[in-house]
>>> print(open('work03.txt').read())   # compact mmCIF, C-alpha atoms and all ligand atoms
# COMPACT_ATOMS: atom_id res chain seq x y z
CA MET H 1 84.45 136.81 102.48
CA LYS H 2 86.69 135.92 105.40
CA SER H 3 86.75 132.20 106.29
CA LYS H 4 85.87 131.00 109.79
CA SER H 5 88.91 128.83 110.41
CA GLU H 6 91.75 127.03 108.66
CA LYS H 7 89.62 123.89 108.60
CA ASP H 8 86.62 125.75 107.20
CA TYR H 9 88.77 127.24 104.46
CA ILE H 10 90.22 123.88 103.47
CA GLU H 11 86.84 122.17 103.45
CA GLN H 12 85.38 124.55 100.91
CA ILE H 13 88.30 123.93 98.54
CA VAL H 14 88.50 120.11 98.74
CA PRO H 15 85.74 119.20 96.24
CA TYR H 16 87.09 121.55 93.57
CA ALA H 17 90.68 120.46 94.11
CA GLN H 18 89.60 116.85 93.63
CA GLU H 19 87.60 117.75 90.53
CA ALA H 20 90.70 119.49 89.17
CA GLN H 21 92.90 116.48 89.95
CA LYS H 22 90.54 114.26 87.98
CA ALA H 23 90.48 116.70 85.07
CA PHE H 24 94.16 117.70 84.93
CA GLY H 25 96.16 115.25 87.07
CA TYR H 26 97.47 117.91 89.47
CA LEU H 27 97.52 116.62 93.07
CA ALA H 28 94.64 117.92 95.22
CA SER H 29 96.85 118.08 98.34
CA VAL H 30 99.26 120.48 96.67
CA LEU H 31 96.51 122.67 95.23
CA ILE H 32 94.85 123.00 98.63
CA ALA H 33 98.15 123.81 100.35
CA GLN H 34 98.92 126.44 97.71
CA ALA H 35 95.53 128.03 98.32
CA CYS H 36 96.27 128.07 102.09
CA GLN H 37 99.70 129.59 101.55
CA GLU H 38 98.69 132.20 98.98
CA ASN H 39 95.72 133.40 100.94
CA GLY H 40 96.60 132.86 104.60
CA TYR H 41 93.70 130.37 104.88
CA GLY H 42 91.35 133.22 103.99
CA LEU H 43 91.85 134.52 107.56
CA ASP H 44 94.42 137.16 106.77
CA ASN H 45 92.92 140.66 106.35
CA ASP H 46 95.59 141.44 103.82
CA CYS H 47 94.17 138.72 101.58
CA LEU H 48 90.48 139.59 101.86
CA VAL H 49 90.53 141.47 98.60
CA LEU H 50 91.74 138.29 96.88
CA MET H 51 89.12 136.21 98.70
CA ASP H 52 86.43 138.58 97.47
CA ALA H 53 87.74 138.08 93.94
CA ASN H 54 87.60 134.26 94.50
CA ASN H 55 91.31 134.29 93.66
CA ILE H 56 92.49 131.78 96.26
CA LEU H 57 95.65 130.92 94.33
CA GLY H 58 96.96 134.46 93.88
CA MET H 59 96.67 134.22 90.10
CA LYS H 60 98.20 137.27 88.49
CA ARG H 61 96.37 139.08 85.72
CA GLU H 62 99.37 138.72 83.45
CA LEU H 63 100.87 135.28 83.12
CA LEU H 64 103.86 134.65 80.86
CA ASN H 65 104.09 138.42 80.18
CA ASP H 66 100.68 138.58 78.54
CA THR H 67 97.11 137.98 79.54
CA TRP H 68 97.21 134.23 79.00
CA ASN H 69 93.65 133.09 79.18
CA SER H 70 91.79 129.89 79.91
CA ASP H 71 88.18 128.74 79.73
CA TYR H 72 87.66 129.91 83.31
CA TRP H 73 88.54 133.61 83.37
CA ASP H 74 86.62 136.49 81.74
CA GLY H 75 89.43 139.07 81.87
CA SER H 76 88.32 141.04 84.96
CA TYR H 77 90.86 141.87 87.66
CA ILE H 78 91.71 143.76 90.84
CA VAL H 79 94.86 145.63 91.95
CA LYS H 80 96.65 144.99 95.24
CA PRO H 81 100.13 145.47 96.80
CA THR H 82 101.96 142.17 96.99
CA PRO H 83 105.30 140.91 98.38
CA GLU H 84 107.85 139.70 95.85
CA TRP H 85 111.38 138.34 96.11
CA TYR H 86 113.89 140.08 93.91
CA ASN H 87 117.58 139.16 94.14
CA GLY H 88 116.96 137.65 97.57
CA LYS H 89 115.20 140.76 98.91
CA LEU H 90 111.57 141.09 99.91
CA THR H 91 109.84 144.12 98.36
CA TYR H 92 106.25 145.22 97.77
CA ILE H 93 104.82 146.08 94.36
CA ASN H 94 101.33 146.89 93.10
CA ASP H 95 100.05 144.03 91.08
CA ALA H 96 96.94 143.11 89.14
CA PHE H 97 95.19 139.86 90.05
CA ARG H 98 92.49 137.91 88.26
CA LYS H 99 88.91 138.11 89.49
CA TYR H 100 86.83 134.94 89.17
CA ALA H 101 83.14 134.05 89.30
CA SER H 102 83.92 131.22 91.76
CA ILE H 103 86.84 129.55 93.54
CA ARG H 104 86.26 126.57 91.25
CA ASP H 105 87.05 128.78 88.26
CA CYS H 106 90.26 129.91 89.96
CA ILE H 107 91.42 126.33 90.58
CA MET H 108 90.56 125.22 87.05
CA ASP H 109 92.26 128.30 85.56
CA TYR H 110 95.45 127.48 87.45
CA CYS H 111 95.38 123.83 86.35
CA GLN H 112 94.73 124.72 82.75
CA PHE H 113 97.70 127.09 82.99
CA MET H 114 99.84 124.20 84.24
CA ARG H 115 98.71 122.13 81.29
CA ASP H 116 98.84 124.68 78.47
CA ALA H 117 101.40 127.37 79.36
CA LYS H 118 104.25 127.49 76.87
CA ARG H 119 107.74 128.98 76.88
CA SER H 120 108.68 131.46 74.19
CA ASN H 121 110.29 128.62 72.23
CA GLY H 122 106.91 126.86 72.07
CA SER H 123 107.67 124.05 74.55
CA TYR H 124 105.29 123.36 77.43
CA LYS H 125 106.48 124.98 80.62
CA TYR H 126 104.72 122.90 83.27
CA ARG H 127 102.89 120.11 81.49
CA ASP H 128 105.35 117.44 82.69
CA VAL H 129 104.39 118.09 86.30
CA LEU H 130 100.87 116.75 85.76
CA GLY H 131 100.71 113.20 87.00
CA ILE H 132 103.53 113.53 89.56
CA THR H 133 102.31 111.57 92.59
CA ASP H 134 104.79 112.82 95.19
CA PRO H 135 103.60 116.19 96.58
CA ALA H 136 107.11 117.39 97.52
CA GLU H 137 108.44 116.60 94.06
CA LEU H 138 105.45 118.21 92.36
CA ILE H 139 105.73 121.56 94.12
CA LYS H 140 109.49 121.62 93.72
CA GLN H 141 109.09 121.16 89.96
CA VAL H 142 106.45 123.89 89.81
CA ARG H 143 108.69 126.38 91.64
CA THR H 144 111.90 125.59 89.82
CA ARG H 145 110.15 125.95 86.47
CA GLY H 146 109.56 129.55 87.45
CA TYR H 147 106.06 129.69 88.87
CA CYS H 148 107.13 131.36 92.07
CA THR H 149 109.95 133.68 93.15
CA ASP H 150 109.99 132.73 96.86
CA PRO H 151 112.92 130.34 97.39
CA THR H 152 111.18 128.66 100.35
CA TYR H 153 107.83 128.23 98.61
CA ASP H 154 107.91 124.45 98.22
CA TYR H 155 109.03 123.96 101.81
CA SER H 156 106.08 126.02 103.03
CA ILE H 157 103.72 123.94 100.90
CA VAL H 158 105.07 120.62 102.21
CA LYS H 159 104.75 121.93 105.74
CA ILE H 160 101.08 122.83 105.21
CA ILE H 161 100.37 119.43 103.66
CA ALA H 162 101.87 117.71 106.69
CA LYS H 163 100.10 119.97 109.20
CA HIS H 164 96.62 119.25 107.81
CA ASN H 165 97.28 115.75 106.47
CA LEU H 166 96.16 116.97 103.05
CA THR H 167 97.30 113.85 101.18
CA GLN H 168 94.09 112.24 102.48
CA TYR H 169 92.31 114.24 99.76
CA ASP H 170 94.49 113.01 96.90
CA ILE H 171 92.70 110.70 94.53
CA LYS H 172 94.75 107.54 94.45
CA GLU H 173 94.41 104.88 91.85
CA ALA H 174 92.97 101.89 93.61
CA GLU H 175 95.61 99.29 94.27
CA PRO H 176 94.36 95.83 93.42
CA MET H 177 93.72 93.83 96.51
CA HIS H 178 96.04 90.90 96.50
CA GLU H 179 96.15 88.67 99.46
CA ILE H 180 99.14 86.49 100.20
CA ILE H 181 97.91 83.13 101.46
CA ASP H 182 100.38 81.73 103.96
CA ILE H 183 100.89 77.98 103.67
CA THR H 184 104.42 77.95 105.09
CA ALA H 185 103.35 75.57 107.88
CA GLU H 186 102.68 72.91 105.24
CA ASN H 187 106.00 73.26 103.42
CA HIS H 188 109.52 72.61 104.57
CA ALA H 189 112.46 74.18 102.81
CA PRO H 190 115.39 71.84 102.18
CA ARG H 191 117.92 74.38 103.45
CA THR H 192 118.03 77.19 105.98
CA ARG H 193 118.86 80.57 104.50
CA THR H 194 122.35 81.89 105.28
CA LEU H 195 123.18 84.30 102.42
CA PRO H 196 121.44 87.67 101.93
CA ILE H 197 118.72 87.87 99.27
CA LYS H 198 119.83 89.73 96.14
CA TYR H 199 117.62 88.44 93.32
CA ILE H 200 114.01 87.65 92.50
CA VAL H 201 113.71 84.91 89.88
CA MET H 202 110.54 84.36 87.86
CA HIS H 203 109.40 80.92 86.68
CA TYR H 204 106.48 79.24 85.01
CA LEU H 205 105.19 75.96 86.34
CA GLY H 206 105.79 74.07 83.10
CA VAL H 207 102.66 71.92 83.49
CA PRO H 208 99.83 72.83 81.10
CA ASN H 209 96.66 74.24 82.66
CA ALA H 210 97.60 73.48 86.26
CA ASP H 211 98.45 75.22 89.50
CA ASN H 212 100.54 74.04 92.39
CA PRO H 213 100.82 76.25 95.46
CA TYR H 214 103.06 73.74 97.26
CA LEU H 215 106.69 72.72 97.07
CA TYR H 216 107.37 69.45 95.30
CA ASN H 217 109.03 66.58 97.12
CA GLY H 218 112.63 67.30 97.90
CA GLY H 219 112.01 71.04 98.17
CA TYR H 220 111.64 71.93 94.48
CA GLY H 221 109.49 74.93 93.53
CA GLY H 222 109.06 78.59 94.46
CA HIS H 223 108.91 80.50 97.71
CA TYR H 224 105.75 81.94 96.22
CA ASN H 225 103.29 80.49 93.76
CA VAL H 226 100.83 82.53 91.73
CA THR H 227 97.88 80.65 90.28
CA ARG H 228 96.17 81.13 86.93
CA ALA H 229 93.36 82.93 88.77
CA GLY H 230 95.87 85.34 90.34
CA LYS H 231 95.92 83.89 93.85
CA ILE H 232 99.24 84.23 95.66
CA TYR H 233 100.53 81.48 97.94
CA LYS H 234 103.55 81.77 100.19
CA ALA H 235 105.00 78.29 100.53
CA VAL H 236 108.30 79.20 102.20
CA ASP H 237 109.40 82.34 103.99
CA PRO H 238 112.38 83.62 101.94
CA ARG H 239 114.05 84.91 105.08
CA LYS H 240 114.17 81.44 106.54
CA GLY H 241 114.45 78.90 103.78
CA VAL H 242 116.24 78.16 100.52
CA VAL H 243 114.31 76.17 97.89
CA TRP H 244 115.55 74.52 94.69
CA HIS H 245 114.41 76.66 91.78
CA CYS H 246 117.23 78.05 89.67
CA GLY H 247 120.19 75.73 90.15
CA GLY H 248 121.52 73.07 87.81
CA GLY H 249 123.74 73.27 84.77
CA LEU H 250 123.54 75.43 81.69
CA GLN H 251 120.83 74.70 79.13
CA GLY H 252 119.98 76.09 75.72
CA ASN H 253 121.97 78.61 73.74
CA GLY H 254 120.87 81.94 75.24
CA GLY H 255 120.36 83.64 78.55
CA HIS H 256 122.53 82.71 81.55
CA THR H 257 123.85 86.25 82.02
CA PHE H 258 123.52 85.67 85.77
CA TYR H 259 124.94 82.15 85.85
CA GLY H 260 127.16 81.81 88.90
CA LYS H 261 125.94 85.13 90.27
CA CYS H 262 122.35 84.32 91.09
CA THR H 263 121.91 81.01 92.90
CA ASN H 264 119.30 79.22 94.98
CA TYR H 265 121.09 80.55 98.03
CA ASN H 266 120.79 84.27 97.32
CA SER H 267 117.42 84.48 95.57
CA ILE H 268 113.67 84.28 95.92
CA GLY H 269 111.81 82.03 93.46
CA ILE H 270 108.32 82.81 92.17
CA GLU H 271 106.44 80.11 90.25
CA CYS H 272 103.50 81.06 88.06
CA GLY H 273 100.70 78.74 86.95
CA VAL H 274 100.47 78.65 83.19
CA CYS H 275 97.97 77.82 80.45
CA ALA H 276 98.52 76.08 77.13
CA ASP H 277 96.42 75.30 74.11
CA THR H 278 96.82 71.62 74.90
CA ASP H 279 96.79 69.38 77.97
CA ALA H 280 99.62 67.26 76.59
CA LYS H 281 101.86 66.38 79.54
CA ASP H 282 104.89 66.23 77.29
CA LEU H 283 104.41 69.73 75.83
CA SER H 284 107.94 70.91 75.26
CA GLY H 285 109.39 73.76 77.27
CA ASP H 286 110.11 75.87 74.21
CA SER H 287 106.67 75.39 72.60
CA TYR H 288 104.86 78.54 71.46
CA LEU H 289 101.58 77.20 72.97
CA TRP H 290 102.18 78.37 76.56
CA TYR H 291 100.61 81.56 77.88
CA PHE H 292 99.92 83.44 81.11
CA THR H 293 96.55 84.82 82.16
CA GLU H 294 96.14 88.55 82.90
CA GLU H 295 95.32 87.60 86.49
CA THR H 296 98.57 85.70 87.02
CA GLN H 297 100.74 88.46 85.57
CA GLU H 298 98.94 91.22 87.42
CA ALA H 299 99.25 89.45 90.78
CA ALA H 300 102.85 88.39 90.14
CA ALA H 301 103.87 91.96 89.22
CA TRP H 302 102.26 93.25 92.41
CA LEU H 303 104.00 90.54 94.46
CA VAL H 304 107.39 91.34 92.94
CA ALA H 305 106.94 95.03 93.79
CA GLN H 306 106.15 94.17 97.41
CA LEU H 307 109.19 91.89 97.66
CA MET H 308 111.49 94.47 96.06
CA LYS H 309 110.50 96.94 98.77
CA GLU H 310 110.74 94.38 101.55
CA TYR H 311 114.18 93.11 100.52
CA ASN H 312 115.56 96.30 98.96
CA ILE H 313 116.00 94.76 95.50
CA ASP H 314 116.15 96.92 92.36
CA ILE H 315 114.54 96.13 89.02
CA ASP H 316 117.86 94.99 87.50
CA HIS H 317 117.88 92.13 90.01
CA VAL H 318 114.44 90.90 88.99
CA ILE H 319 115.33 88.22 86.46
CA ARG H 320 114.09 85.10 84.69
CA HIS H 321 115.21 81.52 85.26
CA TYR H 322 116.39 81.85 81.63
CA ASP H 323 118.84 84.57 82.70
CA VAL H 324 120.45 82.16 85.17
CA THR H 325 120.71 78.82 83.36
CA GLY H 326 119.36 79.45 79.85
CA LYS H 327 116.27 77.27 80.48
CA CYS H 328 113.21 78.46 78.53
CA CYS H 329 111.51 79.62 81.74
CA PRO H 330 109.17 81.39 82.16
CA ASN H 331 108.37 80.35 78.61
CA PRO H 332 106.06 83.30 77.67
CA TYR H 333 108.70 85.78 78.88
CA VAL H 334 111.54 84.09 77.01
CA LEU H 335 109.74 83.66 73.69
CA ASN H 336 108.03 87.03 74.25
CA ASN H 337 105.51 85.88 71.63
CA LYS H 338 102.53 87.57 73.36
CA ARG H 339 100.53 84.38 73.04
CA LYS H 340 96.88 85.19 73.86
CA THR H 341 96.95 87.20 77.14
CA SER H 342 100.71 86.96 77.72
CA TRP H 343 102.71 90.13 78.15
CA THR H 344 106.36 90.41 77.20
CA TRP H 345 109.08 90.37 79.83
CA GLU H 346 109.57 94.12 79.36
CA GLN H 347 105.85 94.74 79.83
CA PHE H 348 105.90 92.67 83.00
CA LYS H 349 108.76 94.72 84.42
CA ALA H 350 107.03 97.95 83.43
CA LYS H 351 104.00 96.80 85.42
CA VAL H 352 106.21 96.07 88.42
CA LYS H 353 107.64 99.58 88.21
CA SER H 354 104.18 101.11 88.06
CA TYR H 355 103.34 99.36 91.33
CA LEU H 356 106.52 100.68 92.92
CA GLU H 357 105.80 104.26 91.92
CA GLY H 358 102.13 104.11 92.81
CA ALA H 359 102.99 102.90 96.28
CA GLU H 360 105.19 105.88 97.02
CA SER H 361 103.99 108.55 99.42
CA VAL H 362 105.69 111.71 100.66
CA ARG H 363 109.23 110.74 101.53
CA GLU H 364 110.35 112.03 104.89
CA ASP H 365 113.84 112.79 103.68
CA VAL H 366 112.97 114.54 100.44
CA TYR H 367 113.49 118.06 101.56
CA MET H 368 115.73 117.63 104.58
CA VAL H 369 118.87 116.56 102.79
CA GLU H 370 119.25 119.85 100.99
CA PHE H 371 119.93 121.84 104.14
CA LYS H 372 123.26 122.40 105.80
CA VAL H 373 123.90 122.27 109.52
CA ILE H 374 124.12 125.94 110.49
CA GLY H 375 125.16 127.84 113.58
CA LYS H 376 126.54 131.12 114.78
CA GLY H 377 128.75 132.95 112.28
CA ASP H 378 127.21 131.27 109.22
CA ASN H 379 125.98 133.47 106.43
CA ASN H 380 124.06 131.71 103.66
CA GLU H 381 120.67 131.03 102.06
CA ASP H 382 119.79 128.36 104.60
CA VAL H 383 120.14 130.88 107.45
CA GLY H 384 117.64 133.09 105.63
CA THR H 385 115.25 130.16 105.32
CA ALA H 386 115.55 129.42 109.03
CA GLN H 387 114.93 133.07 109.89
CA LYS H 388 111.75 133.07 107.81
CA LEU H 389 110.51 129.88 109.42
CA LEU H 390 111.29 131.14 112.93
CA ASN H 391 109.42 134.38 112.19
CA ALA H 392 106.48 132.41 110.84
CA ASP H 393 106.30 130.45 114.10
CA GLY H 394 106.40 133.64 116.18
CA TYR H 395 110.00 133.39 117.44
CA THR H 396 111.73 136.74 117.96
CA ASP H 397 114.93 138.39 119.09
CA PRO H 398 115.41 138.97 122.88
CA ASN H 399 113.43 142.22 122.59
CA GLY H 400 110.38 140.57 121.04
CA ASN H 401 111.01 141.84 117.52
CA PRO H 402 110.85 139.61 114.42
CA LEU H 403 114.24 138.46 113.13
CA LYS H 404 115.76 140.36 110.26
CA VAL H 405 115.91 137.99 107.29
CA ASP H 406 119.53 138.88 106.51
CA LYS H 407 120.98 135.34 106.18
CA ASP H 408 123.37 136.20 108.98
CA PHE H 409 123.39 133.77 111.94
CA GLY H 410 124.08 136.32 114.70
CA ASP H 411 123.08 136.63 118.36
CA ASN H 412 119.42 137.37 117.62
CA THR H 413 118.99 134.33 115.41
CA ALA H 414 120.86 132.15 117.90
CA TYR H 415 118.52 133.36 120.66
CA ALA H 416 115.41 132.53 118.60
CA VAL H 417 116.78 129.09 117.67
CA GLY H 418 117.47 128.34 121.33
CA GLU H 419 113.91 129.29 122.32
CA PHE H 420 112.51 127.24 119.46
CA GLN H 421 114.55 124.21 120.51
CA LYS H 422 113.48 124.51 124.17
CA ASN H 423 109.82 124.63 123.17
CA ASN H 424 110.18 121.65 120.86
CA GLY H 425 111.90 119.24 123.22
CA LEU H 426 115.25 119.57 121.47
CA GLU H 427 118.67 120.15 122.96
CA ALA H 428 119.02 123.97 123.02
CA ASP H 429 122.45 124.08 121.40
CA LYS H 430 121.44 126.90 119.02
CA VAL H 431 122.71 124.88 116.07
CA ILE H 432 120.24 123.89 113.34
CA GLY H 433 120.91 120.26 112.44
CA PRO H 434 118.59 117.66 110.91
CA LYS H 435 116.32 117.40 113.96
CA THR H 436 115.81 121.14 114.30
CA TRP H 437 115.27 121.50 110.55
CA ALA H 438 112.64 118.76 110.71
CA ARG H 439 110.80 120.57 113.51
CA LEU H 440 111.03 123.90 111.71
CA PHE H 441 109.25 122.23 108.80
CA GLY H 442 106.56 120.94 111.12
CA LYS H 443 107.71 117.34 111.30
ZN ZN U 1 112.11 77.95 86.13
>>> encode(input="work03.txt", output="structure tokens")
Amino acid sequence: MKSKSEKDYIEQIVPYAQEAQKAFGYLASVLIAQACQENGYGLDNDCLVLMDANNILGMKRELLNDTWNSDYWDGSYIVKPTPEWYNGKLTYINDAFRKYASIRDCIMDYCQFMRDAKRSNGSYKYRDVLGITDPAELIKQVRTRGYCTDPTYDYSIVKIIAKHNLTQYDIKEAEPMHEIIDITAENHAPRTRTLPIKYIVMHYLGVPNADNPYLYNGGYGGHYNVTRAGKIYKAVDPRKGVVWHCGGGLQGNGGHTFYGKCTNYNSIGIECGVCADTDAKDLSGDSYLWYFTEETQEAAAWLVAQLMKEYNIDIDHVIRHYDVTGKCCPNPYVLNNKRKTSWTWEQFKAKVKSYLEGAESVREDVYMVEFKVIGKGDNNEDVGTAQKLLNADGYTDPNGNPLKVDKDFGDNTAYAVGEFQKNNGLEADKVIGPKTWARLFGK
């Protein structure tokens, strides 16, 4: 049955796409966009026969050169002419498509295919794409692994996702809510910052079963302090002040890889409250009795990820006090003895990385960098892509005819580009640079 509108079409797919994401880990936004693309939002007369077969994803009868089957398809099919790209040319062939009992079955069939399809050598063809959280990267991986023959497929999908804000339907793992409590008014850094920030240095407080969100007298301590309960305090703004946290001479026999490189002046210090199996004030710094709570580590990892993004610091510049001076600090991450709830240093950094990846959304520049600046006289793949996009947006040659997709930037293409630029508030120079590419992709 024909859908009523683009919105109507999308709304009927959303619950199944989300169910499929939960079951298989394939992003709902990308699934929905693929269903829009494959089926012209269910509005296109040409696609009605697929709509009637509940085949919203254009699933062919034969997949991987046989009738690969899943739990969601009973073997029935329909036949329909379909466009295909062969050697850069668009042709039509008669093709058999799967017929489903419901659109849910179609979506689940596709996702099971992504999970289970194998190459002839027995390796999984698409399974690695499950769990990718960046829609542009996901669809690019699907296409380049051979799912689709249209070279502009992933660009079309990203464009649809942007147009309908489809990432709102992606199921995101809840980020823990960590609040940074600002107590900078109550703390005064001993020095004003002058050097750029290059490192984040982790510490433990070194006092058993205690927290201290403040700087000590004389400006000793961290810019940030994380308590045993996982509360985060900002004592000094790293942009403004230097605190004393990783200076001093060499200690111990190990560490100090960053001695002389990382200093108080080019780093951020983070102090973490710490537990011990004793309250003894003189508990030695290299004792095996110290440990971190889950809450402290969790909050500290989240904080580090936020600071890395804010200050453009990579994971190799997230280090321990031990790496600077050799001091056994933070004790649980130097001994790496996994005392009680303590993680190892490597586990802590893995957690930081997971926060960095989870926080990523569609990157604006992901698909723009691959295109050349093109203008009259050019003859290449990118010209063909532009011609397709111009046609899709209804731009024509001076006589009102669609552009020939011949990859040749001639007068007709130049005319269409000029019209497109005029209508999109761009300088009508008939050259496709980054701004015009962005608009062509709906940005
Ligand atoms: Zn320290």
>>> closest_atom_pairs(input="work03.txt", of="chain H", to="ligand ZN 1 (chain U)", cutoff="12 Å", atoms="all atoms listed in the file", output="tab-separated table")
residue	atom	partner	partner_atom	distance
H:Ile200	CA	U:ZN1	ZN	11.8
H:Val201	CA	U:ZN1	ZN	8.1
H:Met202	CA	U:ZN1	ZN	6.8
H:His203	CA	U:ZN1	ZN	4.1
H:Tyr204	CA	U:ZN1	ZN	5.9
H:Leu205	CA	U:ZN1	ZN	7.2
H:Gly206	CA	U:ZN1	ZN	8.0
H:Val207	CA	U:ZN1	ZN	11.5
H:Tyr220	CA	U:ZN1	ZN	10.3
H:Gly221	CA	U:ZN1	ZN	8.4
H:Gly222	CA	U:ZN1	ZN	8.9
H:Asn225	CA	U:ZN1	ZN	11.9
H:Trp244	CA	U:ZN1	ZN	9.8
H:His245	CA	U:ZN1	ZN	6.2
H:Cys246	CA	U:ZN1	ZN	6.2
H:Gly247	CA	U:ZN1	ZN	9.3
H:Gly248	CA	U:ZN1	ZN	10.7
H:Gln251	CA	U:ZN1	ZN	11.6
H:Asn264	CA	U:ZN1	ZN	11.5
H:Ile268	CA	U:ZN1	ZN	11.8
H:Gly269	CA	U:ZN1	ZN	8.4
H:Ile270	CA	U:ZN1	ZN	8.6
H:Glu271	CA	U:ZN1	ZN	7.3
H:Cys272	CA	U:ZN1	ZN	9.4
H:Gly273	CA	U:ZN1	ZN	11.5
H:Gly285	CA	U:ZN1	ZN	10.2
H:Ile319	CA	U:ZN1	ZN	10.8
H:Arg320	CA	U:ZN1	ZN	7.6
H:His321	CA	U:ZN1	ZN	4.8
H:Tyr322	CA	U:ZN1	ZN	7.3
H:Asp323	CA	U:ZN1	ZN	10.0
H:Val324	CA	U:ZN1	ZN	9.4
H:Thr325	CA	U:ZN1	ZN	9.1
H:Gly326	CA	U:ZN1	ZN	9.7
H:Lys327	CA	U:ZN1	ZN	7.0
H:Cys328	CA	U:ZN1	ZN	7.7
H:Cys329	CA	U:ZN1	ZN	4.7
H:Pro330	CA	U:ZN1	ZN	6.0
H:Asn331	CA	U:ZN1	ZN	8.7
H:Pro332	CA	U:ZN1	ZN	11.7
H:Tyr333	CA	U:ZN1	ZN	11.2
H:Val334	CA	U:ZN1	ZN	11.0
>>> residues_around(input="work03.txt", residues="Thr396 of chain H", least_positions_apart="3", cutoff="10 Å", atoms="all atoms listed in the file", output="list in words")
Gln387, Leu390, Asn391, Ala392, Asp393, Asn399, Gly400, Asn401, Pro402, Leu403, Lys404, Asn412, Thr413, Tyr415, Ala416, Val417, Glu419 and Phe420 of chain H
>>> closest_residue(input="work03.txt", among="H:Asp134, H:Asp406, H:Asp105, H:Glu19", to="Tyr72 of chain H", atoms="all atoms listed in the file")
H:Asp105
>>> residues_around(input="work03.txt", residues="Asp279 of chain H", least_positions_apart="3", cutoff="9 Å", atoms="only C-alpha atoms", output="list in words")
Val207, Pro208, Asn209, Cys275, Ala276, Asp282 and Leu283 of chain H
>>> atom_distance(input="work03.txt", atom1="atom CA of Gly230 of chain H", atom2="atom CA of Ile181 of chain H")
11.5 Å
>>> atom_distance(input="work03.txt", atom1="atom CA of Glu38 of chain H", atom2="atom CA of Met51 of chain H")
10.4 Å
>>> atom_distance(input="work03.txt", atom1="atom CA of Gly375 of chain H", atom2="atom CA of Lys430 of chain H")
6.7 Å
>>> closest_residue(input="work03.txt", among="H:Asp382, H:Pro83, H:Gly394, H:Leu130", to="Gly433 of chain H", atoms="all atoms listed in the file")
H:Asp382
